[in-house]
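Engineer: Just target_21.txt, nothing more (compact mmCIF, C-alpha atoms):
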# COMPACT_ATOMS: atom_id res chain seq x y z
CA MET A 184 -3.86 -6.51 20.50
CA ARG A 185 -7.14 -6.92 22.36
CA ALA A 186 -10.24 -9.09 22.33
CA PRO A 187 -13.66 -7.46 21.82
CA ASP A 188 -14.23 -7.55 25.60
CA GLY A 189 -11.11 -5.43 26.12
CA LYS A 190 -8.85 -8.25 27.32
CA VAL A 191 -5.24 -7.77 26.20
CA ILE A 192 -4.10 -10.68 24.03
CA LYS A 193 -0.55 -9.46 23.48
CA GLU A 194 1.39 -6.21 23.59
CA PHE A 195 4.96 -5.10 22.96
CA GLN A 196 7.08 -1.96 22.67
CA ASN A 197 9.13 -0.60 19.77
CA SER A 198 12.18 -1.23 21.93
CA ASP A 199 11.46 -4.97 21.78
CA LEU A 200 12.70 -4.95 18.17
CA SER A 201 16.46 -5.23 17.94
CA GLY A 202 18.63 -2.71 16.17
CA GLY A 203 16.79 0.35 17.52
CA PRO A 204 15.86 2.96 18.30
CA HIS A 205 12.76 2.56 16.13
CA GLU A 206 9.85 4.86 15.49
CA LEU A 207 6.38 4.01 14.25
CA ARG A 208 4.66 6.95 12.58
CA ALA A 209 1.33 7.35 10.82
CA VAL A 210 1.29 9.97 8.07
CA GLU A 211 -1.87 11.40 6.56
CA ARG A 212 -1.78 10.62 2.85
CA GLN A 213 -2.79 14.12 1.77
CA SER A 214 0.10 15.57 3.76
CA LEU A 215 2.55 13.15 2.16
CA LEU A 216 1.30 13.90 -1.35
CA ARG A 217 1.51 17.64 -0.71
CA VAL A 218 5.11 17.43 0.50
CA LEU A 219 6.14 15.30 -2.49
CA ALA A 220 4.37 17.62 -4.94
CA GLU A 221 5.93 20.75 -3.44
CA ALA A 222 9.41 19.32 -4.03
CA LEU A 223 8.79 19.19 -7.79
CA PRO A 224 8.95 21.99 -10.38
CA SER A 225 5.57 23.71 -10.71
CA ASP A 226 4.84 22.36 -14.20
CA THR A 227 5.72 18.72 -13.45
CA ILE A 228 2.28 17.39 -12.52
CA MET A 229 -0.59 17.31 -15.02
CA PHE A 230 -3.97 16.79 -13.36
CA ASN A 231 -7.19 15.39 -14.88
CA SER A 232 -5.11 13.34 -17.31
CA ARG A 233 -5.77 9.64 -16.98
CA VAL A 234 -3.90 7.32 -19.31
CA LYS A 235 -5.98 6.34 -22.33
CA ASN A 236 -3.55 4.42 -24.51
CA ILE A 237 0.10 3.32 -24.71
CA ARG A 238 1.96 2.89 -27.98
CA LYS A 239 5.38 1.30 -28.27
CA PRO A 240 7.08 1.54 -31.71
CA ARG A 241 8.04 -1.76 -33.31
CA ASP A 242 11.79 -1.10 -33.13
CA MET A 243 11.52 -1.01 -29.31
CA GLN A 244 14.20 1.71 -29.20
CA SER A 245 12.07 4.72 -30.06
CA LEU A 246 10.25 6.70 -27.40
CA THR A 247 7.10 5.26 -25.84
CA GLU A 248 3.97 7.31 -26.53
CA VAL A 249 1.44 7.78 -23.75
CA GLU A 250 -1.92 9.15 -24.84
CA LEU A 251 -4.02 10.82 -22.14
CA GLU A 252 -7.77 11.33 -21.95
CA ASN A 253 -7.28 15.06 -22.56
CA ASN A 254 -5.67 14.10 -25.92
CA THR A 255 -2.18 15.04 -24.77
CA VAL A 256 0.54 12.67 -26.03
CA ILE A 257 3.72 12.28 -23.96
CA ARG A 258 6.80 10.73 -25.55
CA THR A 259 9.21 9.25 -23.01
CA LYS A 260 12.39 7.17 -22.74
CA VAL A 261 11.11 5.57 -19.55
CA LEU A 262 7.49 4.95 -18.58
CA VAL A 263 6.86 4.07 -14.95
CA GLY A 264 3.34 2.83 -14.34
CA CYS A 265 2.51 3.77 -10.77
CA ASP A 266 -1.20 4.32 -11.36
CA GLY A 267 -2.59 2.11 -8.62
CA ALA A 268 -3.73 -1.48 -8.18
CA ARG A 269 -5.86 -1.38 -11.33
CA SER A 270 -3.09 0.17 -13.37
CA VAL A 271 -3.67 0.87 -17.06
CA VAL A 272 0.07 0.40 -17.66
CA ALA A 273 0.11 -2.94 -15.80
CA SER A 274 -2.85 -4.14 -17.85
CA TRP A 275 -1.08 -3.10 -21.08
CA MET A 276 1.93 -5.14 -19.92
CA GLY A 277 -0.21 -8.25 -19.48
CA ARG A 278 -0.63 -8.20 -15.70
CA THR A 279 -3.86 -9.61 -14.32
CA GLU A 280 -6.12 -7.56 -12.07
CA PRO A 281 -5.62 -8.03 -8.32
CA LYS A 282 -7.90 -10.70 -6.88
CA PRO A 283 -10.20 -10.25 -3.85
CA VAL A 284 -8.92 -12.01 -0.72
CA GLY A 285 -12.38 -12.40 0.82
CA GLN A 286 -12.30 -9.41 3.17
CA THR A 287 -13.84 -5.94 3.07
CA ALA A 288 -12.38 -2.89 4.82
CA ILE A 289 -14.00 0.31 6.02
CA ARG A 290 -11.50 3.01 6.87
CA GLY A 291 -11.58 6.59 8.04
CA LEU A 292 -9.75 9.46 9.68
CA SER A 293 -11.55 10.78 12.76
CA ASP A 294 -11.29 14.45 13.64
CA PHE A 295 -11.80 15.29 17.30
CA LYS A 296 -11.49 19.08 16.69
CA SER A 297 -9.62 19.39 20.00
CA ASN A 298 -6.94 17.09 21.41
CA HIS A 299 -7.95 13.45 21.83
CA ASN A 300 -6.92 11.24 24.75
CA PHE A 301 -5.52 8.29 22.81
CA GLU A 302 -2.07 7.07 23.75
CA PRO A 303 0.64 6.98 21.04
CA ARG A 304 0.24 3.33 20.20
CA VAL A 305 -1.25 1.06 17.55
CA GLU A 306 -4.19 -1.03 18.71
CA GLN A 307 -6.01 -3.91 17.07
CA ILE A 308 -9.18 -5.58 18.33
CA ILE A 309 -9.66 -9.14 17.06
CA GLY A 310 -13.06 -10.83 16.90
CA GLN A 311 -14.54 -13.73 14.95
CA GLY A 312 -14.34 -12.80 11.29
CA VAL A 313 -14.11 -9.14 12.26
CA ARG A 314 -11.24 -6.98 13.42
CA ALA A 315 -10.71 -3.29 14.01
CA GLY A 316 -7.80 -1.01 14.75
CA LEU A 317 -6.79 2.56 15.44
CA VAL A 318 -3.61 4.60 15.09
CA PRO A 319 -3.22 8.20 16.34
CA VAL A 320 -1.92 10.43 13.53
CA THR A 321 -1.92 13.92 15.06
CA LYS A 322 -3.13 15.47 18.31
CA ASN A 323 -6.67 15.58 17.02
CA LYS A 324 -6.81 12.94 14.26
CA VAL A 325 -6.93 9.14 14.59
CA TYR A 326 -6.86 6.66 11.70
CA TRP A 327 -9.11 3.63 12.19
CA PHE A 328 -10.29 0.60 10.26
CA VAL A 329 -12.87 -2.18 10.49
CA VAL A 330 -12.22 -5.33 8.42
CA PHE A 331 -14.76 -8.13 8.04
CA ASN A 332 -15.12 -11.26 5.94
CA THR A 333 -16.85 -10.78 2.60
CA THR A 334 -19.82 -13.16 2.61
CA PRO A 335 -22.80 -13.44 0.22
CA SER A 336 -24.81 -11.25 2.63
CA VAL A 337 -22.28 -8.41 2.46
CA PRO A 338 -23.10 -5.81 -0.23
CA SER A 339 -20.38 -5.61 -2.85
CA ARG A 340 -20.62 -1.83 -3.01
CA ILE A 341 -21.94 0.93 -0.78
CA SER A 342 -21.41 4.54 -1.80
CA ASP A 343 -23.53 6.40 0.78
CA PRO A 344 -21.13 7.41 3.62
CA ASN A 345 -23.98 7.35 6.15
CA LYS A 346 -24.67 3.70 5.33
CA ILE A 347 -20.94 2.91 5.43
CA LYS A 348 -20.79 4.46 8.89
CA GLU A 349 -23.80 2.42 10.04
CA GLU A 350 -22.24 -0.75 8.64
CA ALA A 351 -18.94 -0.15 10.45
CA LEU A 352 -20.69 0.45 13.77
CA SER A 353 -22.91 -2.62 13.30
CA TYR A 354 -19.87 -4.90 13.16
CA ILE A 355 -18.42 -3.65 16.46
CA GLN A 356 -21.50 -3.46 18.68
CA GLY A 357 -20.44 -4.04 22.28
CA TRP A 358 -16.75 -3.55 21.46
CA PRO A 359 -14.51 -1.08 23.36
CA SER A 360 -15.86 2.45 23.23
CA ASP A 361 -12.64 3.98 21.87
CA ILE A 362 -13.01 2.47 18.38
CA GLN A 363 -16.72 3.41 18.31
CA GLU A 364 -15.79 6.94 19.39
CA CYS A 365 -13.36 7.21 16.47
CA ILE A 366 -16.01 6.17 13.94
CA ARG A 367 -18.60 8.58 15.31
CA ASN A 368 -16.11 11.47 15.13
CA THR A 369 -15.22 10.85 11.49
CA PRO A 370 -16.39 13.35 8.85
CA LEU A 371 -18.59 11.66 6.25
CA GLU A 372 -16.22 12.57 3.41
CA SER A 373 -13.45 10.63 5.16
CA PHE A 374 -15.18 7.22 5.05
CA SER A 375 -13.95 4.70 2.49
CA ARG A 376 -15.02 1.12 1.82
CA SER A 377 -13.31 -1.41 -0.43
CA ASN A 378 -12.72 -5.11 -0.96
CA LEU A 379 -9.15 -6.07 -0.09
CA ARG A 380 -7.16 -7.41 -3.03
CA ASP A 381 -3.66 -8.54 -3.86
CA ARG A 382 -1.62 -10.06 -6.68
CA TRP A 383 1.32 -12.40 -6.30
CA SER A 384 4.17 -11.90 -8.75
CA ILE A 385 5.54 -15.40 -9.34
CA PRO A 386 8.77 -15.87 -11.33
CA LEU A 387 8.40 -17.60 -14.71
CA VAL A 388 4.61 -17.23 -14.38
CA THR A 389 3.91 -13.51 -14.02
CA PRO A 390 4.74 -11.41 -17.12
CA GLN A 391 7.94 -9.45 -16.68
CA GLN A 392 7.46 -5.93 -15.34
CA ALA A 393 10.54 -4.29 -16.80
CA ALA A 394 10.63 -4.39 -20.59
CA ASN A 395 11.73 -1.98 -23.29
CA GLY A 396 11.79 1.14 -21.17
CA ILE A 397 8.55 0.40 -19.31
CA THR A 398 8.21 -0.74 -15.71
CA LEU A 399 5.85 -0.60 -12.73
CA ALA A 400 6.03 0.74 -9.19
CA GLY A 401 3.84 0.89 -6.10
CA ASP A 402 0.44 -0.78 -6.12
CA ALA A 403 0.63 -1.15 -9.89
CA ALA A 404 3.58 -3.51 -9.41
CA HIS A 405 2.76 -5.28 -6.16
CA PRO A 406 -0.76 -4.70 -4.80
CA MET A 407 -0.94 -6.18 -1.31
CA THR A 408 -3.39 -6.25 1.58
CA PRO A 409 -2.86 -3.57 4.26
CA ASN A 410 -2.31 -6.01 7.13
CA LEU A 411 1.38 -5.11 7.52
CA ALA A 412 0.92 -1.41 6.65
CA GLN A 413 3.64 -1.71 4.01
CA GLY A 414 1.85 -0.75 0.77
CA GLY A 415 2.74 2.95 0.81
CA CYS A 416 6.13 2.24 2.37
CA THR A 417 7.18 -0.18 -0.35
CA SER A 418 6.04 2.33 -2.97
CA LEU A 419 8.46 4.90 -1.55
CA GLU A 420 11.19 2.25 -1.50
CA ASP A 421 10.45 1.55 -5.18
CA SER A 422 10.91 5.20 -6.08
CA ILE A 423 14.30 5.47 -4.40
CA ILE A 424 15.72 2.24 -5.82
CA LEU A 425 14.32 2.89 -9.30
CA THR A 426 15.80 6.41 -9.27
CA ARG A 427 19.17 5.04 -8.29
CA LYS A 428 19.16 2.42 -11.06
CA LEU A 429 18.09 4.89 -13.74
CA CYS A 430 20.61 7.51 -12.65
CA GLU A 431 23.37 4.94 -13.05
CA ALA A 432 22.15 4.21 -16.58
CA LEU A 433 21.66 7.84 -17.63
CA ARG A 434 24.63 9.47 -15.94
CA THR A 435 27.02 8.51 -18.76
CA GLU A 436 24.63 9.46 -21.55
CA LYS A 437 26.26 11.50 -24.32
CA LYS A 438 24.47 13.59 -26.92
CA GLU A 439 26.09 11.73 -29.79
CA GLU A 440 25.47 8.31 -28.26
CA ASP A 441 23.72 5.64 -30.34
CA PRO A 442 20.07 5.48 -29.11
CA SER A 443 20.20 1.69 -29.12
CA VAL A 444 23.05 1.72 -26.57
CA LEU A 445 21.11 3.99 -24.23
CA ALA A 446 17.96 1.88 -24.68
CA LYS A 447 19.90 -1.25 -23.65
CA ARG A 448 21.30 0.49 -20.57
CA ILE A 449 17.84 1.63 -19.53
CA SER A 450 16.43 -1.86 -20.10
CA SER A 451 19.20 -3.40 -17.98
CA ALA A 452 18.59 -0.85 -15.21
CA LEU A 453 14.87 -1.64 -15.12
CA ILE A 454 15.51 -5.38 -15.03
CA GLU A 455 17.92 -4.91 -12.11
CA TYR A 456 15.32 -2.79 -10.33
CA GLU A 457 12.66 -5.43 -10.88
CA SER A 458 14.87 -8.26 -9.63
CA GLU A 459 15.89 -6.35 -6.52
CA ARG A 460 12.33 -5.36 -5.62
CA TRP A 461 10.72 -8.74 -6.31
CA ALA A 462 12.53 -10.49 -3.47
CA ARG A 463 11.11 -8.06 -0.91
CA THR A 464 7.65 -7.25 -2.24
CA PHE A 465 6.68 -10.87 -3.00
CA ARG A 466 7.57 -11.89 0.54
CA LEU A 467 5.57 -9.00 2.01
CA THR A 468 2.55 -9.71 -0.20
CA VAL A 469 2.41 -13.34 0.94
CA LYS A 470 3.12 -12.51 4.58
CA SER A 471 0.41 -9.84 4.63
CA PHE A 472 -2.10 -12.28 3.13
CA VAL A 473 -1.27 -15.00 5.67
CA PHE A 474 -1.36 -12.56 8.58
CA GLY A 475 -4.74 -11.20 7.46
CA SER A 476 -6.15 -14.71 6.98
CA LEU A 477 -5.15 -15.65 10.52
CA LEU A 478 -6.91 -12.60 11.91
CA ALA A 479 -10.02 -13.27 9.78
CA LEU A 480 -10.81 -16.70 11.25
CA ASP A 481 -14.46 -17.00 12.32
CA SER A 482 -14.75 -20.39 14.02
CA SER A 483 -15.23 -19.92 17.78
CA LEU A 484 -13.07 -22.95 18.62
CA ILE A 485 -10.24 -21.98 16.26
CA CYS A 486 -10.41 -18.35 17.39
CA PHE A 487 -10.09 -19.47 21.02
CA PHE A 488 -6.89 -21.33 20.11
CA ARG A 489 -5.67 -18.37 18.03
CA ASP A 490 -6.24 -15.79 20.78
CA ASN A 491 -4.94 -17.88 23.69
CA VAL A 492 -2.12 -19.86 22.10
CA ALA A 493 -1.10 -18.80 18.58
CA LEU A 494 -1.17 -14.98 18.80
CA PRO A 495 0.59 -14.70 22.18
CA ILE A 496 3.45 -16.71 20.64
CA ALA A 497 3.48 -15.39 17.08
CA PHE A 498 2.51 -11.75 17.64
CA ARG A 499 5.99 -10.39 18.32
CA ALA A 500 7.81 -7.20 17.40
CA SER A 501 10.20 -9.10 15.13
CA VAL A 502 7.28 -10.65 13.21
CA VAL A 503 5.04 -7.59 12.87
CA PHE A 504 7.55 -4.76 12.52
CA GLY A 505 10.44 -6.77 11.20
CA SER A 506 8.85 -6.28 7.76
CA SER A 507 9.42 -2.53 7.92
CA LYS A 508 13.01 -2.88 9.11
CA PHE A 509 14.51 -2.30 5.68
CA ASP A 510 17.15 0.09 4.38
CA CYS A 511 16.53 0.99 0.74
CA GLY A 512 19.63 3.21 0.60
CA ALA A 513 19.94 6.87 -0.32
CA LEU A 514 18.93 8.84 -3.38
CA PRO A 515 21.81 9.36 -5.86
CA PRO A 516 23.25 12.80 -6.64
CA PRO A 517 21.23 14.74 -9.24
CA LEU A 518 22.08 14.24 -12.88
CA ASP A 519 23.99 17.10 -14.49
Would you mind writing the file's structure down as structure tokens?
Structural biologist:
Amino acid sequence: MRAPDGKVIKEFQNSDLSGGPHELRAVERQSLLRVLAEALPSDTIMFNSRVKNIRKPRDMQSLTEVELENNTVIRTKVLVGCDGARSVVASWMGRTEPKPVGQTAIRGLSDFKSNHNFEPRVEQIIGQGVRAGLVPVTKNKVYWFVVFNTTPSVPSRISDPNKIKEEALSYIQGWPSDIQECIRNTPLESFSRSNLRDRWSIPLVTPQQAANGITLAGDAAHPMTPNLAQGGCTSLEDSIILTRKLCEALRTEKKEEDPSVLAKRISSALIEYESERWARTFRLTVKSFVFGSLLALDSSLICFFRDNVALPIAFRASVVFGSSKFDCGALPPPLD
């Protein structure tokens, strides 16, 4: 972690976290999606098919009907809404939209064509109300971000990638050349800009996720800010734990079984999944918000205290990477 003038505020190694060895790896999202898709049967994924409507029969035991924009209707025993932070399924279940946290992020994936000279480490540069970071992904690609406070003078939306690029560079004028180099070597189609949002799932206040064969996963269930880099990771954890719970419920299914019995087992499995995931994802959502708020401070006096006293003490391996030190268990054997 560095200051805009290049001064090192704090640094640590993976080996500083107990219980190792540990590895920190950045994975390009397209690569991850491709690998996951290739592991599925060829006719599993239906593209260009956003959810239009959800219908649940009154008896709550019949199959849920999902109507798509291409007029296809899917009837399913279990509906898992994992359609992003502004999930149609989450909205149907009564969940509120994620709220802005007062920060805007510009992100991109630079492409140096040939090998870059960045060391295999995560770097963050912390300014007043502005921070930036970079993470090498491959030998020629580096992920980077610039996050700044959303003020009345900040446009709510910019779609032109050239203007997004100019905006990112304007916030880091005079900063270390490596982050500027990353931005300048980023293809225009790789720029993205969005307001950071999250939603806190509070017991007895937030509507229940798991109900009558319908549940949520990923950003649809627990949208969080990216300050701990745990959004995608927790989504993968969701998928493994949810699969395990459902396999336990479905493994004993018999053809002649009363549908109401199976529906109750599925409902119980989803409730168990929800309870198990809430304890972890709620903590991460709050921690990520607090961590991001600390790094977004813009008072020169408070930032001096933060950079010279608070961060050198608080910015430790156990605090930052302890969040990712989690064993979600293994996938269950396939169903017969």
Engineer: Which residue out of A:Gly264, A:Pro187, A:Pro495, A:Gly202 has the minimum interatomic distance to Glu306 (chain A) when all atoms listed in the file are used?
Structural biologist: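 Of the candidates, the smallest distance to Glu306 (chain A) is held by A:Pro187.
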Engineer: Write out, as CSV, each residue of region 462-519 of chain A that has an atom at most 10 Å from region 325-344 of chain A, together with the closest pair of atoms and their distance in Å to one decimal, counting all atoms listed in the file, rows going by chain and rising number.
Structural biologist:
residue,atom,partner,partner_atom,distance
A:Gly475,CA,A:Val330,CA,9.6
A:Ser476,CA,A:Asn332,CA,9.7
A:Leu478,CA,A:Val330,CA,9.7
A:Ala479,CA,A:Asn332,CA,6.7
A:Leu480,CA,A:Asn332,CA,8.7
A:Asp481,CA,A:Asn332,CA,8.6
Engineer: Can I get the selection written as a compact mmCIF listing (two decimals), keeping the file's coordinate frame, with C-alpha atoms?
Structural biologist:
# COMPACT_ATOMS: atom_id res chain seq x y z
CA GLY A 475 -4.74 -11.20 7.46
CA SER A 476 -6.15 -14.71 6.98
CA LEU A 478 -6.91 -12.60 11.91
CA ALA A 479 -10.02 -13.27 9.78
CA LEU A 480 -10.81 -16.70 11.25
CA ASP A 481 -14.46 -17.00 12.32
Engineer: Could you work out how far CA of Ala432 (chain A) lies from CA of Lys447 (chain A), giving the answer in Å with one decimal?
Structural biologist: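 Atom-to-atom, CA of Lys447 (chain A) to CA of Ala432 (chain A), that is 9.2 Å.
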Engineer: Considering all atoms listed in the file, tabulate each residue of region 295-398 of chain A that lies at most 9 Å from region 460-463 of chain A along with its nearest interatomic pair and the corresponding distance in Å to one decimal; arrange the rows by chain and ascending residue number and present them as a Markdown table.
Structural biologist:
| residue | atom | partner | partner_atom | distance |
| --- | --- | --- | --- | --- |
| A:Ser384 | CA | A:Trp461 | CA | 7.7 |
| A:Ile385 | CA | A:Trp461 | CA | 9.0 |
| A:Pro386 | CA | A:Trp461 | CA | 8.9 |
Engineer: Can I get the residues of region 320-416 of chain A within 9 Å of region 289-296 of chain A, each with the closest pair of atoms and their distance in Å to one decimal, using only C-alpha atoms, sorted chain first then ascending number, as JSON lines?
Structural biologist:
{"residue": "A:Val320", "atom": "CA", "partner": "A:Leu292", "partner_atom": "CA", "distance": 8.8}
{"residue": "A:Lys322", "atom": "CA", "partner": "A:Phe295", "partner_atom": "CA", "distance": 8.7}
{"residue": "A:Asn323", "atom": "CA", "partner": "A:Phe295", "partner_atom": "CA", "distance": 5.1}
{"residue": "A:Lys324", "atom": "CA", "partner": "A:Asp294", "partner_atom": "CA", "distance": 4.8}
{"residue": "A:Val325", "atom": "CA", "partner": "A:Ser293", "partner_atom": "CA", "distance": 5.2}
{"residue": "A:Tyr326", "atom": "CA", "partner": "A:Leu292", "partner_atom": "CA", "distance": 4.5}
{"residue": "A:Trp327", "atom": "CA", "partner": "A:Gly291", "partner_atom": "CA", "distance": 5.7}
{"residue": "A:Phe328", "atom": "CA", "partner": "A:Arg290", "partner_atom": "CA", "distance": 4.3}
{"residue": "A:Val329", "atom": "CA", "partner": "A:Ile289", "partner_atom": "CA", "distance": 5.2}
{"residue": "A:Val330", "atom": "CA", "partner": "A:Ile289", "partner_atom": "CA", "distance": 6.4}
{"residue": "A:Phe331", "atom": "CA", "partner": "A:Ile289", "partner_atom": "CA", "distance": 8.7}
{"residue": "A:Ile347", "atom": "CA", "partner": "A:Ile289", "partner_atom": "CA", "distance": 7.4}
{"residue": "A:Lys348", "atom": "CA", "partner": "A:Ile289", "partner_atom": "CA", "distance": 8.5}
{"residue": "A:Glu350", "atom": "CA", "partner": "A:Ile289", "partner_atom": "CA", "distance": 8.7}
{"residue": "A:Ala351", "atom": "CA", "partner": "A:Ile289", "partner_atom": "CA", "distance": 6.7}
{"residue": "A:Glu364", "atom": "CA", "partner": "A:Ser293", "partner_atom": "CA", "distance": 8.8}
{"residue": "A:Cys365", "atom": "CA", "partner": "A:Ser293", "partner_atom": "CA", "distance": 5.5}
{"residue": "A:Ile366", "atom": "CA", "partner": "A:Ser293", "partner_atom": "CA", "distance": 6.5}
{"residue": "A:Arg367", "atom": "CA", "partner": "A:Ser293", "partner_atom": "CA", "distance": 7.8}
{"residue": "A:Asn368", "atom": "CA", "partner": "A:Ser293", "partner_atom": "CA", "distance": 5.2}
{"residue": "A:Thr369", "atom": "CA", "partner": "A:Ser293", "partner_atom": "CA", "distance": 3.9}
{"residue": "A:Pro370", "atom": "CA", "partner": "A:Ser293", "partner_atom": "CA", "distance": 6.7}
{"residue": "A:Leu371", "atom": "CA", "partner": "A:Gly291", "partner_atom": "CA", "distance": 8.8}
{"residue": "A:Glu372", "atom": "CA", "partner": "A:Gly291", "partner_atom": "CA", "distance": 8.9}
{"residue": "A:Ser373", "atom": "CA", "partner": "A:Gly291", "partner_atom": "CA", "distance": 5.3}
{"residue": "A:Phe374", "atom": "CA", "partner": "A:Gly291", "partner_atom": "CA", "distance": 4.7}
{"residue": "A:Ser375", "atom": "CA", "partner": "A:Arg290", "partner_atom": "CA", "distance": 5.3}
{"residue": "A:Arg376", "atom": "CA", "partner": "A:Ile289", "partner_atom": "CA", "distance": 4.4}
{"residue": "A:Ser377", "atom": "CA", "partner": "A:Ile289", "partner_atom": "CA", "distance": 6.7}
{"residue": "A:Asn378", "atom": "CA", "partner": "A:Ile289", "partner_atom": "CA", "distance": 8.9}
Engineer: With distances taken over only C-alpha atoms, which of A:Gly505, A:Gly310, A:Gly316, A:Gly267 is nearest to Lys470 (chain A)?
Structural biologist: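 Nearest to Lys470 (chain A): A:Gly505.
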Engineer: Identify, on the basis of only C-alpha atoms, every residue whose closest approach to Leu411 (chain A) does not exceed 9 Å; exclude the query and any residue fewer than 4 positions from it along the same chain; express the result as a ChimeraX atom specification.
Structural biologist: /A:467,470-471,474-475,503-504,506-507
Engineer: Pick out the closest residue to Arg238 (chain A) from this set: A:Ile355, A:Leu215, A:Ile397, A:Ala315. Count all atoms listed in the file.
Structural biologist: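 Looking only at the distances to Arg238 (chain A), the closest residue turns out to be A:Ile397.
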Engineer: Neighbours of region 199-201 of chain A within 10 Å (only C-alpha atoms; same-chain residues fewer than 2 positions away dropped), as a list in words?
Structural biologist: Phe195, Gln196, Asn197, Gly203, Pro204, His205, Arg499, Ala500, Ser501, Val502, Val503, Phe504, Gly505 and Lys508 of chain A
Engineer: Point out the residue among A:Pro224, A:Ala452, A:Arg208, A:Arg314 with the least atom-to-atom distance to Cys430 (chain A), counting all atoms listed in the file.
Structural biologist: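 Among A:Pro224, A:Ala452, A:Arg208, A:Arg314, it is A:Ala452 that comes nearest to Cys430 (chain A).
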Engineer: Env of Leu453 (chain A): 9 Å cut, atoms = only C-alpha atoms, seq-sep filter 6 positions within chain, self excluded. Answer as a list of chain:residue names.
Structural biologist: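 Selected residues are A:Gln392, A:Ala393, A:Ala394, A:Asn395, A:Gly396, A:Ile397, A:Thr398, A:Leu425, A:Lys428, A:Leu429.
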Engineer: Out of A:Ser443, A:Ser451, A:Ser418, A:Ser297, which residue has the shortest atom-to-atom distance to Glu431 (chain A) when counting only C-alpha atoms?
Structural biologist: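 Smallest distance to Glu431 (chain A) is found for A:Ser451.
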Engineer: Given all atoms listed in the file as the basis, pick out the residue of A:Ala273, A:Leu262, A:Val313, A:Ala404 nearest to Cys486 (chain A).
Structural biologist: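 Among A:Ala273, A:Leu262, A:Val313, A:Ala404, it is A:Val313 that comes nearest to Cys486 (chain A).
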Engineer: CA of Ala493 (chain A) to CA of Val305 (chain A): how many Å, to one decimal?
Structural biologist: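 Between these atoms lies a distance of 19.9 Å.
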